[in-house]
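Below is my_file39.pdb, which holds PDB, N, CA and C atoms.
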```pdb
MODEL        1
ATOM      1  N   GLU A  90       0.810  -1.190   0.000
ATOM      2  CA  GLU A  90       0.000   0.000   0.000
ATOM      3  C   GLU A  90       0.854   1.255   0.000
ATOM      4  N   GLN A  91       2.080   1.180   0.530
ATOM      5  CA  GLN A  91       2.931   2.357   0.521
ATOM      6  C   GLN A  91       3.310   2.772  -0.898
ATOM      7  N   THR A  92       3.058   1.924  -1.885
ATOM      8  CA  THR A  92       3.345   2.288  -3.268
ATOM      9  C   THR A  92       2.251   3.172  -3.855
ATOM     10  N   ILE A  93       1.115   3.268  -3.185
ATOM     11  CA  ILE A  93       0.033   4.145  -3.631
ATOM     12  C   ILE A  93       0.401   5.562  -3.195
ATOM     13  N   PRO A  94       0.576   6.491  -4.141
ATOM     14  CA  PRO A  94       0.985   7.841  -3.739
ATOM     15  C   PRO A  94      -0.114   8.542  -2.942
ATOM     16  N   VAL A  95       0.249   8.957  -1.732
ATOM     17  CA  VAL A  95      -0.673   9.660  -0.848
ATOM     18  C   VAL A  95       0.124  10.759  -0.146
ATOM     19  N   ASP A  96      -0.407  11.972  -0.142
ATOM     20  CA  ASP A  96       0.205  13.074   0.588
ATOM     21  C   ASP A  96      -0.365  13.031   1.998
ATOM     22  N   LEU A  97       0.295  12.252   2.878
ATOM     23  CA  LEU A  97      -0.203  12.064   4.238
ATOM     24  C   LEU A  97      -0.137  13.361   5.025
ATOM     25  N   PRO A  98      -1.047  13.539   5.997
ATOM     26  CA  PRO A  98      -0.953  14.710   6.874
ATOM     27  C   PRO A  98       0.389  14.709   7.598
ATOM     28  N   LYS A  99       0.840  15.901   7.974
ATOM     29  CA  LYS A  99       2.139  16.031   8.624
ATOM     30  C   LYS A  99       1.960  16.198  10.132
ATOM     31  N   GLU A 100       2.945  15.668  10.889
ATOM     32  CA  GLU A 100       2.954  15.846  12.335
ATOM     33  C   GLU A 100       4.387  16.108  12.781
ATOM     34  N   ALA A 101       4.531  16.675  13.962
ATOM     35  CA  ALA A 101       5.854  16.940  14.518
ATOM     36  C   ALA A 101       6.541  15.620  14.839
ATOM     37  N   PRO A 102       7.880  15.594  14.738
ATOM     38  CA  PRO A 102       8.604  14.364  15.073
ATOM     39  C   PRO A 102       8.356  13.977  16.531
ATOM     40  N   GLY A 103       8.314  12.702  16.777
ATOM     41  CA  GLY A 103       8.118  12.197  18.134
ATOM     42  C   GLY A 103       8.312  10.702  18.149
ATOM     43  N   PRO A 104       8.267  10.118  19.331
ATOM     44  CA  PRO A 104       8.445   8.666  19.421
ATOM     45  C   PRO A 104       7.303   7.933  18.730
ATOM     46  N   GLN A 105       7.648   6.874  18.048
ATOM     47  CA  GLN A 105       6.655   6.064  17.343
ATOM     48  C   GLN A 105       6.316   4.843  18.182
ATOM     49  N   PRO A 106       5.037   4.489  18.268
ATOM     50  CA  PRO A 106       4.668   3.299  19.046
ATOM     51  C   PRO A 106       5.206   2.027  18.388
ATOM     52  N   LYS A 107       5.583   1.078  19.203
ATOM     53  CA  LYS A 107       6.048  -0.209  18.675
ATOM     54  C   LYS A 107       4.837  -1.024  18.251
ATOM     55  N   GLN A 108       5.003  -1.750  17.154
ATOM     56  CA  GLN A 108       3.917  -2.569  16.641
ATOM     57  C   GLN A 108       4.255  -4.035  16.836
ATOM     58  N   ASP A 109       3.241  -4.794  17.138
ATOM     59  CA  ASP A 109       3.386  -6.229  17.325
ATOM     60  C   ASP A 109       3.604  -6.873  15.953
ATOM     61  N   PRO A 110       4.753  -7.515  15.723
ATOM     62  CA  PRO A 110       5.017  -8.112  14.403
ATOM     63  C   PRO A 110       4.072  -9.273  14.070
ATOM     64  N   ARG A 111       3.387  -9.802  15.059
ATOM     65  CA  ARG A 111       2.444 -10.902  14.806
ATOM     66  C   ARG A 111       1.072 -10.396  14.381
ATOM     67  N   GLN A 112       0.828  -9.105  14.547
ATOM     68  CA  GLN A 112      -0.467  -8.511  14.207
ATOM     69  C   GLN A 112      -0.625  -8.375  12.698
ATOM     70  N   ARG A 113      -1.777  -8.778  12.185
ATOM     71  CA  ARG A 113      -2.093  -8.592  10.765
ATOM     72  C   ARG A 113      -2.624  -7.177  10.557
ATOM     73  N   PHE A 114      -2.174  -6.542   9.487
ATOM     74  CA  PHE A 114      -2.598  -5.190   9.152
ATOM     75  C   PHE A 114      -3.366  -5.196   7.844
ATOM     76  N   GLU A 115      -4.341  -4.308   7.754
ATOM     77  CA  GLU A 115      -5.019  -4.001   6.499
ATOM     78  C   GLU A 115      -4.985  -2.491   6.357
ATOM     79  N   SER A 116      -4.755  -2.005   5.154
ATOM     80  CA  SER A 116      -4.689  -0.568   4.917
ATOM     81  C   SER A 116      -5.912  -0.081   4.156
ATOM     82  N   ILE A 117      -6.438   1.037   4.630
ATOM     83  CA  ILE A 117      -7.498   1.748   3.922
ATOM     84  C   ILE A 117      -6.918   3.102   3.533
ATOM     85  N   THR A 118      -6.983   3.424   2.240
ATOM     86  CA  THR A 118      -6.458   4.677   1.731
ATOM     87  C   THR A 118      -7.608   5.502   1.176
ATOM     88  N   VAL A 119      -7.641   6.785   1.533
ATOM     89  CA  VAL A 119      -8.612   7.715   0.956
ATOM     90  C   VAL A 119      -7.824   8.701   0.108
ATOM     91  N   GLN A 120      -8.095   8.683  -1.187
ATOM     92  CA  GLN A 120      -7.419   9.552  -2.144
ATOM     93  C   GLN A 120      -8.050  10.945  -2.121
ATOM     94  N   PRO A 121      -7.353  11.964  -2.649
ATOM     95  CA  PRO A 121      -7.911  13.317  -2.635
ATOM     96  C   PRO A 121      -9.213  13.447  -3.420
ATOM     97  N   ASP A 122      -9.423  12.570  -4.404
ATOM     98  CA  ASP A 122     -10.662  12.625  -5.192
ATOM     99  C   ASP A 122     -11.794  11.839  -4.532
ATOM    100  N   GLY A 123     -11.538  11.293  -3.328
ATOM    101  CA  GLY A 123     -12.571  10.575  -2.591
ATOM    102  C   GLY A 123     -12.574   9.077  -2.802
ATOM    103  N   ARG A 124     -11.748   8.570  -3.746
ATOM    104  CA  ARG A 124     -11.682   7.120  -3.934
ATOM    105  C   ARG A 124     -11.177   6.467  -2.657
ATOM    106  N   VAL A 125     -11.785   5.343  -2.312
ATOM    107  CA  VAL A 125     -11.391   4.581  -1.133
ATOM    108  C   VAL A 125     -10.791   3.267  -1.611
ATOM    109  N   MET A 126      -9.669   2.899  -1.007
ATOM    110  CA  MET A 126      -8.999   1.659  -1.388
ATOM    111  C   MET A 126      -8.780   0.809  -0.154
ATOM    112  N   LEU A 127      -9.017  -0.477  -0.297
ATOM    113  CA  LEU A 127      -8.657  -1.455   0.728
ATOM    114  C   LEU A 127      -7.492  -2.222   0.130
ATOM    115  N   GLY A 128      -6.313  -2.049   0.736
ATOM    116  CA  GLY A 128      -5.119  -2.581   0.088
ATOM    117  C   GLY A 128      -4.939  -1.854  -1.223
ATOM    118  N   ASN A 129      -4.859  -2.605  -2.314
ATOM    119  CA  ASN A 129      -4.701  -2.004  -3.653
ATOM    120  C   ASN A 129      -5.997  -1.989  -4.448
ATOM    121  N   ARG A 130      -7.105  -2.352  -3.798
ATOM    122  CA  ARG A 130      -8.386  -2.458  -4.513
ATOM    123  C   ARG A 130      -9.261  -1.232  -4.268
ATOM    124  N   VAL A 131      -9.704  -0.589  -5.339
ATOM    125  CA  VAL A 131     -10.631   0.538  -5.224
ATOM    126  C   VAL A 131     -12.004  -0.010  -4.844
ATOM    127  N   MET A 132     -12.662   0.662  -3.897
ATOM    128  CA  MET A 132     -13.955   0.197  -3.400
ATOM    129  C   MET A 132     -14.913   1.361  -3.222
ATOM    130  N   THR A 133     -16.186   1.045  -3.274
ATOM    131  CA  THR A 133     -17.198   2.000  -2.829
ATOM    132  C   THR A 133     -17.304   1.834  -1.314
ATOM    133  N   LEU A 134     -17.960   2.752  -0.651
ATOM    134  CA  LEU A 134     -18.160   2.577   0.797
ATOM    135  C   LEU A 134     -18.975   1.324   1.080
ATOM    136  N   ARG A 135     -19.879   0.995   0.183
ATOM    137  CA  ARG A 135     -20.710  -0.208   0.369
ATOM    138  C   ARG A 135     -19.861  -1.475   0.320
ATOM    139  N   THR A 136     -18.963  -1.578  -0.670
ATOM    140  CA  THR A 136     -18.122  -2.782  -0.746
ATOM    141  C   THR A 136     -17.095  -2.791   0.379
ATOM    142  N   LEU A 137     -16.612  -1.610   0.781
ATOM    143  CA  LEU A 137     -15.709  -1.543   1.933
ATOM    144  C   LEU A 137     -16.425  -2.053   3.175
ATOM    145  N   SER A 138     -17.661  -1.654   3.355
ATOM    146  CA  SER A 138     -18.443  -2.093   4.511
ATOM    147  C   SER A 138     -18.572  -3.619   4.541
ATOM    148  N   ALA A 139     -18.801  -4.226   3.386
ATOM    149  CA  ALA A 139     -18.916  -5.691   3.321
ATOM    150  C   ALA A 139     -17.600  -6.359   3.713
ATOM    151  N   GLU A 140     -16.479  -5.807   3.255
ATOM    152  CA  GLU A 140     -15.169  -6.365   3.621
ATOM    153  C   GLU A 140     -14.909  -6.188   5.116
ATOM    154  N   LEU A 141     -15.266  -5.036   5.660
ATOM    155  CA  LEU A 141     -15.072  -4.799   7.085
ATOM    156  C   LEU A 141     -15.941  -5.733   7.921
ATOM    157  N   ALA A 142     -17.144  -6.018   7.451
ATOM    158  CA  ALA A 142     -18.011  -6.973   8.153
ATOM    159  C   ALA A 142     -17.346  -8.341   8.201
ATOM    160  N   ARG A 143     -16.704  -8.723   7.106
ATOM    161  CA  ARG A 143     -15.992 -10.005   7.068
ATOM    162  C   ARG A 143     -14.834 -10.002   8.063
ATOM    163  N   PHE A 144     -14.063  -8.908   8.092
ATOM    164  CA  PHE A 144     -12.961  -8.798   9.059
ATOM    165  C   PHE A 144     -13.476  -8.911  10.492
ATOM    166  N   ALA A 145     -14.611  -8.267  10.768
ATOM    167  CA  ALA A 145     -15.160  -8.248  12.128
ATOM    168  C   ALA A 145     -15.547  -9.637  12.609
ATOM    169  N   GLN A 146     -15.833 -10.551  11.690
ATOM    170  CA  GLN A 146     -16.220 -11.915  12.055
ATOM    171  C   GLN A 146     -15.025 -12.806  12.368
ATOM    172  N   GLU A 147     -13.828 -12.359  12.042
ATOM    173  CA  GLU A 147     -12.640 -13.173  12.270
ATOM    174  C   GLU A 147     -12.325 -13.252  13.764
ATOM    175  N   PRO A 148     -11.736 -14.378  14.212
ATOM    176  CA  PRO A 148     -11.386 -14.497  15.628
ATOM    177  C   PRO A 148     -10.431 -13.388  16.096
ATOM    178  N   LYS A 149      -9.518 -12.983  15.233
ATOM    179  CA  LYS A 149      -8.595 -11.886  15.556
ATOM    180  C   LYS A 149      -8.612 -10.906  14.381
ATOM    181  N   PRO A 150      -9.526  -9.917  14.429
ATOM    182  CA  PRO A 150      -9.626  -8.962  13.321
ATOM    183  C   PRO A 150      -8.312  -8.212  13.112
ATOM    184  N   PRO A 151      -8.063  -7.749  11.900
ATOM    185  CA  PRO A 151      -6.816  -7.037  11.621
ATOM    186  C   PRO A 151      -6.786  -5.650  12.255
ATOM    187  N   PHE A 152      -5.584  -5.156  12.428
ATOM    188  CA  PHE A 152      -5.338  -3.771  12.826
ATOM    189  C   PHE A 152      -5.443  -2.956  11.539
ATOM    190  N   ILE A 153      -6.161  -1.847  11.563
ATOM    191  CA  ILE A 153      -6.405  -1.055  10.358
ATOM    192  C   ILE A 153      -5.459   0.145  10.324
ATOM    193  N   ARG A 154      -4.793   0.309   9.193
ATOM    194  CA  ARG A 154      -3.943   1.482   8.962
ATOM    195  C   ARG A 154      -4.701   2.404   8.026
ATOM    196  N   LEU A 155      -5.046   3.598   8.519
ATOM    197  CA  LEU A 155      -5.758   4.584   7.705
ATOM    198  C   LEU A 155      -4.756   5.513   7.056
ATOM    199  N   ARG A 156      -4.812   5.584   5.751
ATOM    200  CA  ARG A 156      -3.930   6.451   4.972
ATOM    201  C   ARG A 156      -4.830   7.466   4.265
ATOM    202  N   ILE A 157      -4.977   8.625   4.883
ATOM    203  CA  ILE A 157      -5.870   9.650   4.365
ATOM    204  C   ILE A 157      -5.026  10.744   3.727
ATOM    205  N   ASP A 158      -5.236  11.005   2.445
ATOM    206  CA  ASP A 158      -4.509  12.070   1.777
ATOM    207  C   ASP A 158      -4.849  13.395   2.449
ATOM    208  N   ALA A 159      -3.846  14.249   2.610
ATOM    209  CA  ALA A 159      -4.046  15.550   3.257
ATOM    210  C   ALA A 159      -5.092  16.395   2.531
ATOM    211  N   LYS A 160      -5.320  16.134   1.252
ATOM    212  CA  LYS A 160      -6.299  16.916   0.480
ATOM    213  C   LYS A 160      -7.693  16.280   0.477
ATOM    214  N   ALA A 161      -7.836  15.111   1.092
ATOM    215  CA  ALA A 161      -9.163  14.497   1.199
ATOM    216  C   ALA A 161      -9.996  15.343   2.167
ATOM    217  N   THR A 162     -11.298  15.248   2.041
ATOM    218  CA  THR A 162     -12.163  16.063   2.905
ATOM    219  C   THR A 162     -12.394  15.374   4.242
ATOM    220  N   ALA A 163     -12.770  16.184   5.212
ATOM    221  CA  ALA A 163     -13.120  15.639   6.526
ATOM    222  C   ALA A 163     -14.286  14.656   6.387
ATOM    223  N   GLN A 164     -15.232  14.946   5.491
ATOM    224  CA  GLN A 164     -16.379  14.052   5.308
ATOM    225  C   GLN A 164     -15.942  12.689   4.800
ATOM    226  N   GLN A 165     -14.979  12.655   3.909
ATOM    227  CA  GLN A 165     -14.475  11.366   3.412
ATOM    228  C   GLN A 165     -13.865  10.573   4.562
ATOM    229  N   PHE A 166     -13.111  11.237   5.424
ATOM    230  CA  PHE A 166     -12.522  10.593   6.593
ATOM    231  C   PHE A 166     -13.617  10.077   7.526
ATOM    232  N   VAL A 167     -14.595  10.924   7.812
ATOM    233  CA  VAL A 167     -15.682  10.542   8.721
ATOM    234  C   VAL A 167     -16.469   9.365   8.159
ATOM    235  N   SER A 168     -16.703   9.335   6.873
ATOM    236  CA  SER A 168     -17.452   8.222   6.267
ATOM    237  C   SER A 168     -16.733   6.894   6.472
ATOM    238  N   VAL A 169     -15.416   6.886   6.316
ATOM    239  CA  VAL A 169     -14.645   5.658   6.544
ATOM    240  C   VAL A 169     -14.689   5.296   8.032
ATOM    241  N   MET A 170     -14.529   6.292   8.900
ATOM    242  CA  MET A 170     -14.575   6.029  10.345
ATOM    243  C   MET A 170     -15.933   5.455  10.762
ATOM    244  N   GLU A 171     -17.009   5.939  10.174
ATOM    245  CA  GLU A 171     -18.345   5.409  10.485
ATOM    246  C   GLU A 171     -18.423   3.928  10.154
ATOM    247  N   GLU A 172     -17.838   3.529   9.020
ATOM    248  CA  GLU A 172     -17.853   2.118   8.639
ATOM    249  C   GLU A 172     -17.039   1.278   9.623
ATOM    250  N   LEU A 173     -15.898   1.787  10.050
ATOM    251  CA  LEU A 173     -15.091   1.051  11.036
ATOM    252  C   LEU A 173     -15.861   0.890  12.340
ATOM    253  N   LYS A 174     -16.489   1.969  12.803
ATOM    254  CA  LYS A 174     -17.255   1.904  14.056
ATOM    255  C   LYS A 174     -18.447   0.963  13.926
ATOM    256  N   LYS A 175     -19.118   1.012  12.777
ATOM    257  CA  LYS A 175     -20.300   0.156  12.571
ATOM    258  C   LYS A 175     -19.946  -1.317  12.760
ATOM    259  N   HIS A 176     -18.721  -1.686  12.393
ATOM    260  CA  HIS A 176     -18.290  -3.082  12.478
ATOM    261  C   HIS A 176     -17.391  -3.340  13.688
ATOM    262  N   ASN A 177     -17.342  -2.360  14.596
ATOM    263  CA  ASN A 177     -16.583  -2.481  15.832
ATOM    264  C   ASN A 177     -15.104  -2.791  15.581
ATOM    265  N   LEU A 178     -14.562  -2.230  14.529
ATOM    266  CA  LEU A 178     -13.132  -2.365  14.232
ATOM    267  C   LEU A 178     -12.456  -1.098  14.738
ATOM    268  N   LEU A 179     -12.086  -1.118  16.001
ATOM    269  CA  LEU A 179     -11.617   0.086  16.664
ATOM    270  C   LEU A 179     -10.110   0.101  16.895
ATOM    271  N   LYS A 180      -9.417  -0.905  16.399
ATOM    272  CA  LYS A 180      -7.957  -0.911  16.484
ATOM    273  C   LYS A 180      -7.414  -0.412  15.156
ATOM    274  N   PHE A 181      -7.015   0.869  15.166
ATOM    275  CA  PHE A 181      -6.530   1.472  13.930
ATOM    276  C   PHE A 181      -5.504   2.544  14.264
ATOM    277  N   GLN A 182      -4.767   2.925  13.261
ATOM    278  CA  GLN A 182      -3.848   4.055  13.395
ATOM    279  C   GLN A 182      -4.000   4.927  12.161
ATOM    280  N   LEU A 183      -3.736   6.191  12.323
ATOM    281  CA  LEU A 183      -3.767   7.146  11.224
ATOM    282  C   LEU A 183      -2.330   7.373  10.799
ATOM    283  N   ASP A 184      -1.982   6.950   9.596
ATOM    284  CA  ASP A 184      -0.624   7.145   9.091
ATOM    285  C   ASP A 184      -0.393   8.627   8.813
ATOM    286  N   THR A 185       0.790   9.109   9.187
ATOM    287  CA  THR A 185       1.185  10.489   8.935
ATOM    288  C   THR A 185       2.629  10.489   8.441
ATOM    289  N   GLN A 186       3.077  11.648   8.037
ATOM    290  CA  GLN A 186       4.487  11.823   7.723
ATOM    291  C   GLN A 186       5.046  12.901   8.641
ATOM    292  N   VAL A 187       6.331  12.840   8.891
ATOM    293  CA  VAL A 187       6.975  13.798   9.794
ATOM    294  C   VAL A 187       7.168  15.117   9.075
ATOM    295  N   ALA A 188       6.736  16.194   9.717
ATOM    296  CA  ALA A 188       6.930  17.540   9.152
ATOM    297  C   ALA A 188       8.415  17.879   9.198
ATOM    298  N   ARG A 189       8.878  18.535   8.183
ATOM    299  CA  ARG A 189      10.309  18.921   8.117
ATOM    300  C   ARG A 189      10.466  20.400   8.249
TER     301      ARG A 189
ENDMDL
END
```

Could you show the structure in this file as structure tokens?
Amino acid sequence: EQTIPVDLPKEAPGPQPKQDPRQRFESITVQPDGRVMLGNRVMTLRTLSAELARFAQEPKPPFIRLRIDAKATAQQFVSVMEELKKHNLLKFQLDTQVAR
């Protein structure tokens, strides 16, 4: 997913949390034009919701990495967050880049 060009929001440098190498990750990317991707697959919110429902049924659901382009709208972000909450997938992180 890091090969998908995204202008991530910037944050000040700071310590990064350690991640469990045994944890499975899935990435959701929101492009500036509003396209939503799960991994490398473009999805509508409806198809994303179906995939998230499937994840929620797993014994150990994946950790979600949100990659929101800095030019995406707040509404696009909120729409994805609503889908995560609807399926009780609350283990996620918002990917950012360090401001220089």

| field | Two-atom distance - atom CA of A:Gln186, atom CA of A:Asp96 (Å) | value | 8.4 Å

| task | Taking the file above as input, evaluate the PyMOL selection byres ((chain A and resi 178) around 8) and report the hits as a list of chain:residue names. | result |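 After applying the PyMOL selection byres ((chain A and resi 178) around 8), what remains is A:Leu141, A:Phe144, A:Ala145, A:Pro150, A:Pro151, A:Phe152, A:Ile153, A:Glu172, A:Leu173, A:Lys174, A:Lys175, A:His176, A:Asn177, A:Leu179, A:Lys180, A:Phe181.
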
| So which one's closest to A:Ser168, A:Val187, A:Leu134, A:Ala142, A:Ile93? Using all atoms listed in the file, please. | A:Leu134

| task | Could you please determine the separation between atom C of A:Arg156 and atom CA of A:Ala188 in Å, to one decimal place? | result |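 Between these atoms lies a distance of 16.2 Å.
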
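Candidate residues A:Leu155, A:Leu97, A:Val119, A:Met126 were compared for distance to A:Leu183, and the nearest is A:Leu155, using only C-alpha atoms.
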
| Nearby residues (only N, CA and C atoms) at most 8 Å from A:Asp122, same-chain spacing under 5 positions excluded, as a PyMOL selection string | chain A and resi 158+160-162

Might you spell out which residues the PyMOL selection byres (((chain A and resi 117 and name CA) around 10) and name CA) would select in the displayed file, as a short mmCIF file (atom, residue, chain, number, x, y, z; two decimals) with N, CA and C atoms, keeping the file's coordinate frame?
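Output below, filename expr-v3.cif:
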```cif
data_model
loop_
_atom_site.label_atom_id
_atom_site.label_comp_id
_atom_site.auth_asym_id
_atom_site.auth_seq_id
_atom_site.Cartn_x
_atom_site.Cartn_y
_atom_site.Cartn_z
N GLU A 90 0.81 -1.19 0.00
CA GLU A 90 0.00 0.00 0.00
C GLU A 90 0.85 1.25 0.00
N PHE A 114 -2.17 -6.54 9.49
CA PHE A 114 -2.60 -5.19 9.15
C PHE A 114 -3.37 -5.20 7.84
N GLU A 115 -4.34 -4.31 7.75
CA GLU A 115 -5.02 -4.00 6.50
C GLU A 115 -4.99 -2.49 6.36
N SER A 116 -4.76 -2.00 5.15
CA SER A 116 -4.69 -0.57 4.92
C SER A 116 -5.91 -0.08 4.16
N THR A 118 -6.98 3.42 2.24
CA THR A 118 -6.46 4.68 1.73
C THR A 118 -7.61 5.50 1.18
N VAL A 119 -7.64 6.78 1.53
CA VAL A 119 -8.61 7.72 0.96
C VAL A 119 -7.82 8.70 0.11
N GLN A 120 -8.10 8.68 -1.19
CA GLN A 120 -7.42 9.55 -2.14
C GLN A 120 -8.05 10.94 -2.12
N VAL A 125 -11.78 5.34 -2.31
CA VAL A 125 -11.39 4.58 -1.13
C VAL A 125 -10.79 3.27 -1.61
N MET A 126 -9.67 2.90 -1.01
CA MET A 126 -9.00 1.66 -1.39
C MET A 126 -8.78 0.81 -0.15
N LEU A 127 -9.02 -0.48 -0.30
CA LEU A 127 -8.66 -1.46 0.73
C LEU A 127 -7.49 -2.22 0.13
N GLY A 128 -6.31 -2.05 0.74
CA GLY A 128 -5.12 -2.58 0.09
C GLY A 128 -4.94 -1.85 -1.22
N ASN A 129 -4.86 -2.60 -2.31
CA ASN A 129 -4.70 -2.00 -3.65
C ASN A 129 -6.00 -1.99 -4.45
N ARG A 130 -7.10 -2.35 -3.80
CA ARG A 130 -8.39 -2.46 -4.51
C ARG A 130 -9.26 -1.23 -4.27
N VAL A 131 -9.70 -0.59 -5.34
CA VAL A 131 -10.63 0.54 -5.22
C VAL A 131 -12.00 -0.01 -4.84
N MET A 132 -12.66 0.66 -3.90
CA MET A 132 -13.96 0.20 -3.40
C MET A 132 -14.91 1.36 -3.22
N LEU A 137 -16.61 -1.61 0.78
CA LEU A 137 -15.71 -1.54 1.93
C LEU A 137 -16.42 -2.05 3.18
N ILE A 153 -6.16 -1.85 11.56
CA ILE A 153 -6.40 -1.06 10.36
C ILE A 153 -5.46 0.14 10.32
N ARG A 154 -4.79 0.31 9.19
CA ARG A 154 -3.94 1.48 8.96
C ARG A 154 -4.70 2.40 8.03
N LEU A 155 -5.05 3.60 8.52
CA LEU A 155 -5.76 4.58 7.70
C LEU A 155 -4.76 5.51 7.06
N ARG A 156 -4.81 5.58 5.75
CA ARG A 156 -3.93 6.45 4.97
C ARG A 156 -4.83 7.47 4.26
N ILE A 157 -4.98 8.62 4.88
CA ILE A 157 -5.87 9.65 4.36
C ILE A 157 -5.03 10.74 3.73
N VAL A 169 -15.42 6.89 6.32
CA VAL A 169 -14.64 5.66 6.54
C VAL A 169 -14.69 5.30 8.03
N LEU A 183 -3.74 6.19 12.32
CA LEU A 183 -3.77 7.15 11.22
C LEU A 183 -2.33 7.37 10.80
#
```
